[in-house]
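Shown next: data25.cif, containing mmCIF, C-alpha atoms.
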```cif
data_work
#
loop_
_atom_site.label_atom_id
_atom_site.label_comp_id
_atom_site.auth_asym_id
_atom_site.auth_seq_id
_atom_site.Cartn_x
_atom_site.Cartn_y
_atom_site.Cartn_z
CA MET O 43 81.40 59.57 130.85
CA LYS O 44 84.09 61.25 132.96
CA ASP O 45 86.69 60.61 130.23
CA PHE O 46 84.46 62.49 127.78
CA HIS O 47 84.52 65.59 129.98
CA ARG O 48 88.30 65.49 130.39
CA LYS O 49 88.95 65.38 126.64
CA ILE O 50 86.93 68.51 125.84
CA ASP O 51 88.99 71.62 125.27
CA ARG O 52 87.76 74.19 127.82
CA ARG O 53 87.65 76.89 125.12
CA ARG O 54 85.09 74.82 123.20
CA LEU O 55 82.68 74.22 126.09
CA LEU O 56 80.04 76.59 124.74
CA GLU O 57 79.54 74.29 121.76
CA PHE O 58 77.97 71.75 124.11
CA VAL O 59 75.57 74.05 125.99
CA GLU O 60 72.00 72.75 126.17
CA PRO O 61 68.89 74.65 127.32
CA GLU O 62 68.96 72.69 130.59
CA ASP O 63 72.45 74.07 131.28
CA LEU O 64 71.18 77.63 130.93
CA ILE O 65 68.39 76.93 133.40
CA LYS O 66 70.87 75.41 135.87
CA PHE O 67 73.02 78.52 135.41
CA GLY O 68 70.10 80.65 136.61
CA MET O 69 68.17 81.76 133.54
CA ILE O 70 64.43 81.43 133.90
CA PRO O 71 62.80 78.69 131.79
CA GLU O 72 60.43 81.17 130.13
CA PHE O 73 63.40 83.11 128.76
CA VAL O 74 65.31 80.01 127.66
CA GLY O 75 62.19 78.73 125.90
CA ARG O 76 62.15 81.86 123.75
CA LEU O 77 65.68 81.27 122.46
CA PRO O 78 65.16 79.57 119.08
CA VAL O 79 68.81 78.62 118.64
CA ILE O 80 71.81 78.40 120.89
CA ALA O 81 75.05 78.80 118.96
CA SER O 82 78.65 79.42 119.84
CA LEU O 83 80.96 81.40 117.60
CA HIS O 84 84.67 81.11 117.10
CA PRO O 85 86.97 83.98 116.14
CA LEU O 86 87.62 84.32 112.42
CA THR O 87 91.11 83.41 111.26
CA ARG O 88 93.25 85.37 108.88
CA GLU O 89 92.33 82.95 106.08
CA ASP O 90 88.62 83.36 106.87
CA LEU O 91 88.87 87.15 106.61
CA VAL O 92 90.78 86.98 103.31
CA ARG O 93 88.09 84.67 101.92
CA ILE O 94 85.42 87.16 103.08
CA LEU O 95 87.27 89.91 101.23
CA LYS O 96 87.40 87.93 97.96
CA GLU O 97 84.76 85.23 97.63
CA PRO O 98 81.18 86.38 98.34
CA LYS O 99 79.10 87.72 95.46
CA ASN O 100 79.30 91.24 96.92
CA ALA O 101 82.84 90.94 98.34
CA LEU O 102 84.69 94.18 99.07
CA VAL O 103 87.44 93.39 96.57
CA LYS O 104 84.85 92.84 93.83
CA GLN O 105 83.08 96.10 94.75
CA TYR O 106 86.28 98.13 94.47
CA GLN O 107 87.27 96.37 91.25
CA GLU O 108 83.89 97.21 89.73
CA TYR O 109 84.14 100.84 90.80
CA PHE O 110 87.60 101.14 89.23
CA ARG O 111 86.44 99.26 86.10
CA MET O 112 83.75 101.91 85.60
CA GLU O 113 86.60 104.44 85.47
CA GLY O 114 88.48 102.29 82.93
CA VAL O 115 91.09 100.98 85.38
CA ASN O 116 91.84 97.36 86.24
CA LEU O 117 92.34 97.01 90.00
CA VAL O 118 94.41 94.10 91.32
CA PHE O 119 94.94 93.19 94.97
CA GLU O 120 98.03 91.18 95.85
CA GLU O 121 97.41 88.30 98.26
CA GLU O 122 99.83 89.82 100.80
CA ALA O 123 97.82 93.04 100.77
CA LEU O 124 94.63 91.16 101.61
CA LYS O 125 96.42 89.29 104.40
CA PHE O 126 97.62 92.64 105.76
CA ILE O 127 94.03 93.94 105.85
CA ALA O 128 92.93 90.76 107.64
CA ASP O 129 95.76 91.16 110.17
CA ILE O 130 94.66 94.71 110.96
CA ALA O 131 91.05 93.55 111.48
CA ILE O 132 92.28 90.83 113.85
CA LYS O 133 94.52 93.27 115.74
CA LYS O 134 91.63 95.73 116.16
CA GLY O 135 89.24 92.92 117.09
CA ALA O 136 86.95 94.23 114.38
CA GLY O 137 86.24 90.92 112.64
CA ALA O 138 84.51 90.82 109.28
CA ARG O 139 82.51 93.99 109.91
CA GLY O 140 85.70 95.97 110.35
CA LEU O 141 87.05 95.04 106.93
CA ARG O 142 85.05 97.74 105.13
CA GLY O 143 86.40 100.53 107.32
CA ILE O 144 89.97 99.34 106.89
CA MET O 145 89.56 99.15 103.11
CA GLU O 146 87.97 102.60 102.95
CA GLU O 147 90.76 104.09 105.02
CA ALA O 148 93.32 102.71 102.60
CA MET O 149 91.48 103.38 99.34
CA VAL O 150 89.76 106.75 99.83
CA ASP O 151 92.63 108.91 98.53
CA LEU O 152 93.16 106.68 95.52
CA MET O 153 89.47 106.81 94.68
CA TYR O 154 89.48 110.62 94.68
CA GLU O 155 92.61 110.68 92.52
CA LEU O 156 91.27 108.05 90.11
CA PRO O 157 89.70 110.39 87.52
CA SER O 158 92.98 112.27 87.10
CA LEU O 159 95.20 109.19 87.00
CA ASP O 160 96.45 108.11 83.61
CA LYS O 161 96.75 104.39 84.36
CA LYS O 162 95.04 101.32 83.00
CA GLU O 163 95.95 99.06 85.93
CA ILE O 164 96.58 99.65 89.62
CA VAL O 165 98.07 96.96 91.85
CA ILE O 166 97.38 97.25 95.57
CA THR O 167 100.38 95.95 97.52
CA LYS O 168 101.06 95.48 101.20
CA ASP O 169 103.53 98.39 101.09
CA PHE O 170 100.88 100.67 99.58
CA LEU O 171 98.42 99.75 102.34
CA GLU O 172 100.98 100.16 105.12
CA GLU O 173 101.84 103.63 103.89
CA LYS O 174 98.20 104.70 103.51
CA ILE O 175 96.95 103.29 106.80
CA TYR O 176 99.87 104.28 108.99
CA ARG O 177 100.24 107.70 107.37
CA ALA O 178 96.57 108.38 108.08
CA LYS O 179 97.16 107.58 111.76
CA GLU O 180 100.13 110.00 111.90
CA VAL O 181 98.07 112.83 110.38
CA ALA O 182 95.14 112.31 112.78
#
```
As structure tokens, how would this structure be written, given the file I've shared?
Amino acid sequence: MKDFHRKIDRRRLLEFVEPEDLIKFGMIPEFVGRLPVIASLHPLTREDLVRILKEPKNALVKQYQEYFRMEGVNLVFEEEALKFIADIAIKKGAGARGLRGIMEEAMVDLMYELPSLDKKEIVITKDFLEEKIYRAKEVA
């Protein structure tokens, strides 16, 4: 049994917490009994955040593409651009919930200009996002 404890990565200890452990730690049994589930969470990786941007039914990328499609414009996001957005979310510690704010910060000007643009396709690149996000920080 001692070998089992030595092989566990200390960062993953919360995965093995049982209700008895919480009581030993000092929580009262009445409180612990009201916890329906004990779960530990791990930080999202860059790949996880990119998948969140693209894959769910209501993914942010799909929402923006639909908005632009209604204006007659095909919107394409390069993979490097999505990775850049994920990197910013990780740097800010914002996780998946921060993705919407980052996307809005980058896309708001383009969305206002959209009706006057005479383009059928817009490609969002990493360079475009860097310029929009970092320029917005300089102005503020």
#### Entry: Selection result for the PyMOL selection byres ((chain O and resi 106) around 12) on this file, as a ChimeraX atom specification
/O:95-96,100-105,107-113,115-119,142,145-146,148-150,152-153,156,164,166
#### Entry: Minimum-distance residue to O:Leu171, chosen among O:Ala136, O:Leu141, O:Leu159, O:Ala123 (using all atoms listed in the file)
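Among O:Ala136, O:Leu141, O:Leu159, O:Ala123, it is O:Ala123 that comes nearest to O:Leu171.
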### Query
Of the candidates O:Ile70, O:Leu77, O:Ala128, O:Leu83, which one gets nearest to O:Leu55 if we count all atoms listed in the file?
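Selected residue with least distance to O:Leu55: O:Leu83.
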### Message
So, with all atoms listed in the file as the atoms that count, which of O:Ile94, O:Val79, O:Val74, O:Ile127 lies closest to O:Thr167?
### Response
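Of all the options, O:Ile127 lies closest to O:Thr167.
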### Task
To one decimal in Å, tell me the separation between atom CA of O:Glu121 and atom CA of O:Val165.
10.8 Å
### Message
Give me, as a ChimeraX atom specification, all polymer residues having an atom no more than 10 Å from O:Ala81, counting all atoms listed in the file and skipping those fewer than 3 positions away in the same chain.
### Response
/O:56-60,78
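Of the listed residues O:Lys125, O:Leu64, O:Gly140, O:Lys161, the one whose atoms come nearest to O:Arg93 is O:Lys125, with distances taken using all atoms listed in the file.
Taking atom CA of O:Asp160 and atom CA of O:Glu147 as endpoints, the distance between them is 22.5 Å.
Here atom CA of O:Val92 is placed at a distance of 13.5 Å from atom CA of O:Lys168.
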Some atoms are missing, so please complete stretch 96-107 of chain O with all heavy atoms and return it as a PDB file, keeping the file's coordinate frame.
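So the final result, stored in result-v5.pdb, reads:
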```pdb
ATOM      1  N   LYS O  96      87.332  88.302  99.376  1.00  0.00           N
ATOM      2  CA  LYS O  96      87.400  87.930  97.960  1.00  0.00           C
ATOM      3  C   LYS O  96      86.210  87.141  97.421  1.00  0.00           C
ATOM      4  O   LYS O  96      85.839  87.342  96.271  1.00  0.00           O
ATOM      5  CB  LYS O  96      88.646  87.065  97.702  1.00  0.00           C
ATOM      6  CG  LYS O  96      89.938  87.723  97.971  1.00  0.00           C
ATOM      7  CD  LYS O  96      91.140  86.898  97.528  1.00  0.00           C
ATOM      8  CE  LYS O  96      91.103  85.449  97.895  1.00  0.00           C
ATOM      9  NZ  LYS O  96      92.353  84.730  97.599  1.00  0.00           N
ATOM     10  N   GLU O  97      85.622  86.250  98.206  1.00  0.00           N
ATOM     11  CA  GLU O  97      84.760  85.230  97.630  1.00  0.00           C
ATOM     12  C   GLU O  97      83.267  85.527  97.524  1.00  0.00           C
ATOM     13  O   GLU O  97      82.647  85.116  96.546  1.00  0.00           O
ATOM     14  CB  GLU O  97      84.958  83.907  98.380  1.00  0.00           C
ATOM     15  CG  GLU O  97      86.329  83.327  98.149  1.00  0.00           C
ATOM     16  CD  GLU O  97      86.534  82.012  98.880  1.00  0.00           C
ATOM     17  OE1 GLU O  97      85.545  81.421  99.367  1.00  0.00           O
ATOM     18  OE2 GLU O  97      87.701  81.582  98.972  1.00  0.00           O
ATOM     19  N   PRO O  98      82.635  86.194  98.479  1.00  0.00           N
ATOM     20  CA  PRO O  98      81.180  86.380  98.340  1.00  0.00           C
ATOM     21  C   PRO O  98      80.824  87.172  97.076  1.00  0.00           C
ATOM     22  O   PRO O  98      81.653  87.893  96.513  1.00  0.00           O
ATOM     23  CB  PRO O  98      80.793  87.172  99.587  1.00  0.00           C
ATOM     24  CG  PRO O  98      81.883  86.907 100.563  1.00  0.00           C
ATOM     25  CD  PRO O  98      83.127  86.723  99.745  1.00  0.00           C
ATOM     26  N   LYS O  99      79.580  87.023  96.667  1.00  0.00           N
ATOM     27  CA  LYS O  99      79.100  87.720  95.460  1.00  0.00           C
ATOM     28  C   LYS O  99      79.336  89.224  95.546  1.00  0.00           C
ATOM     29  O   LYS O  99      79.716  89.861  94.575  1.00  0.00           O
ATOM     30  CB  LYS O  99      77.615  87.408  95.283  1.00  0.00           C
ATOM     31  CG  LYS O  99      77.001  88.026  94.073  1.00  0.00           C
ATOM     32  CD  LYS O  99      75.529  87.681  93.979  1.00  0.00           C
ATOM     33  CE  LYS O  99      74.873  88.412  92.827  1.00  0.00           C
ATOM     34  NZ  LYS O  99      73.434  88.170  92.790  1.00  0.00           N
ATOM     35  N   ASN O 100      79.118  89.794  96.728  1.00  0.00           N
ATOM     36  CA  ASN O 100      79.300  91.240  96.920  1.00  0.00           C
ATOM     37  C   ASN O 100      80.549  91.542  97.757  1.00  0.00           C
ATOM     38  O   ASN O 100      80.556  92.478  98.553  1.00  0.00           O
ATOM     39  CB  ASN O 100      78.057  91.846  97.555  1.00  0.00           C
ATOM     40  CG  ASN O 100      77.790  91.277  98.940  1.00  0.00           C
ATOM     41  OD1 ASN O 100      78.331  90.235  99.308  1.00  0.00           O
ATOM     42  ND2 ASN O 100      76.979  91.966  99.705  1.00  0.00           N
ATOM     43  N   ALA O 101      81.605  90.775  97.570  1.00  0.00           N
ATOM     44  CA  ALA O 101      82.840  90.940  98.340  1.00  0.00           C
ATOM     45  C   ALA O 101      83.415  92.342  98.122  1.00  0.00           C
ATOM     46  O   ALA O 101      83.254  92.948  97.058  1.00  0.00           O
ATOM     47  CB  ALA O 101      83.858  89.894  97.918  1.00  0.00           C
ATOM     48  N   LEU O 102      84.102  92.837  99.146  1.00  0.00           N
ATOM     49  CA  LEU O 102      84.690  94.180  99.070  1.00  0.00           C
ATOM     50  C   LEU O 102      85.654  94.315  97.894  1.00  0.00           C
ATOM     51  O   LEU O 102      85.649  95.331  97.193  1.00  0.00           O
ATOM     52  CB  LEU O 102      85.411  94.515 100.372  1.00  0.00           C
ATOM     53  CG  LEU O 102      84.509  94.852 101.546  1.00  0.00           C
ATOM     54  CD1 LEU O 102      85.329  94.968 102.819  1.00  0.00           C
ATOM     55  CD2 LEU O 102      83.762  96.134 101.288  1.00  0.00           C
ATOM     56  N   VAL O 103      86.487  93.324  97.681  1.00  0.00           N
ATOM     57  CA  VAL O 103      87.440  93.390  96.570  1.00  0.00           C
ATOM     58  C   VAL O 103      86.697  93.532  95.253  1.00  0.00           C
ATOM     59  O   VAL O 103      87.056  94.372  94.414  1.00  0.00           O
ATOM     60  CB  VAL O 103      88.354  92.136  96.567  1.00  0.00           C
ATOM     61  CG1 VAL O 103      89.125  92.021  95.271  1.00  0.00           C
ATOM     62  CG2 VAL O 103      89.312  92.177  97.751  1.00  0.00           C
ATOM     63  N   LYS O 104      85.636  92.760  95.067  1.00  0.00           N
ATOM     64  CA  LYS O 104      84.850  92.840  93.830  1.00  0.00           C
ATOM     65  C   LYS O 104      84.174  94.202  93.694  1.00  0.00           C
ATOM     66  O   LYS O 104      84.071  94.747  92.583  1.00  0.00           O
ATOM     67  CB  LYS O 104      83.815  91.727  93.799  1.00  0.00           C
ATOM     68  CG  LYS O 104      84.425  90.343  93.670  1.00  0.00           C
ATOM     69  CD  LYS O 104      83.354  89.272  93.734  1.00  0.00           C
ATOM     70  CE  LYS O 104      83.970  87.885  93.712  1.00  0.00           C
ATOM     71  NZ  LYS O 104      82.936  86.839  93.852  1.00  0.00           N
ATOM     72  N   GLN O 105      83.721  94.781  94.799  1.00  0.00           N
ATOM     73  CA  GLN O 105      83.080  96.100  94.750  1.00  0.00           C
ATOM     74  C   GLN O 105      84.075  97.163  94.286  1.00  0.00           C
ATOM     75  O   GLN O 105      83.752  97.984  93.422  1.00  0.00           O
ATOM     76  CB  GLN O 105      82.524  96.465  96.114  1.00  0.00           C
ATOM     77  CG  GLN O 105      81.319  95.652  96.524  1.00  0.00           C
ATOM     78  CD  GLN O 105      80.822  96.014  97.907  1.00  0.00           C
ATOM     79  OE1 GLN O 105      80.985  97.138  98.369  1.00  0.00           O
ATOM     80  NE2 GLN O 105      80.206  95.055  98.581  1.00  0.00           N
ATOM     81  N   TYR O 106      85.274  97.147  94.880  1.00  0.00           N
ATOM     82  CA  TYR O 106      86.280  98.130  94.470  1.00  0.00           C
ATOM     83  C   TYR O 106      86.724  97.898  93.029  1.00  0.00           C
ATOM     84  O   TYR O 106      86.921  98.852  92.270  1.00  0.00           O
ATOM     85  CB  TYR O 106      87.491  98.095  95.419  1.00  0.00           C
ATOM     86  CG  TYR O 106      87.251  98.878  96.686  1.00  0.00           C
ATOM     87  CD1 TYR O 106      86.892  98.237  97.860  1.00  0.00           C
ATOM     88  CD2 TYR O 106      87.364 100.267  96.703  1.00  0.00           C
ATOM     89  CE1 TYR O 106      86.656  98.959  99.030  1.00  0.00           C
ATOM     90  CE2 TYR O 106      87.130 100.994  97.852  1.00  0.00           C
ATOM     91  CZ  TYR O 106      86.778 100.337  99.014  1.00  0.00           C
ATOM     92  OH  TYR O 106      86.542 101.045 100.153  1.00  0.00           O
ATOM     93  N   GLN O 107      86.889  96.654  92.614  1.00  0.00           N
ATOM     94  CA  GLN O 107      87.270  96.370  91.250  1.00  0.00           C
ATOM     95  C   GLN O 107      86.223  96.868  90.266  1.00  0.00           C
ATOM     96  O   GLN O 107      86.560  97.422  89.216  1.00  0.00           O
ATOM     97  CB  GLN O 107      87.517  94.867  91.060  1.00  0.00           C
ATOM     98  CG  GLN O 107      88.800  94.399  91.704  1.00  0.00           C
ATOM     99  CD  GLN O 107      88.966  92.898  91.698  1.00  0.00           C
ATOM    100  OE1 GLN O 107      87.989  92.148  91.684  1.00  0.00           O
ATOM    101  NE2 GLN O 107      90.218  92.456  91.717  1.00  0.00           N
TER     102      GLN O 107
END
```
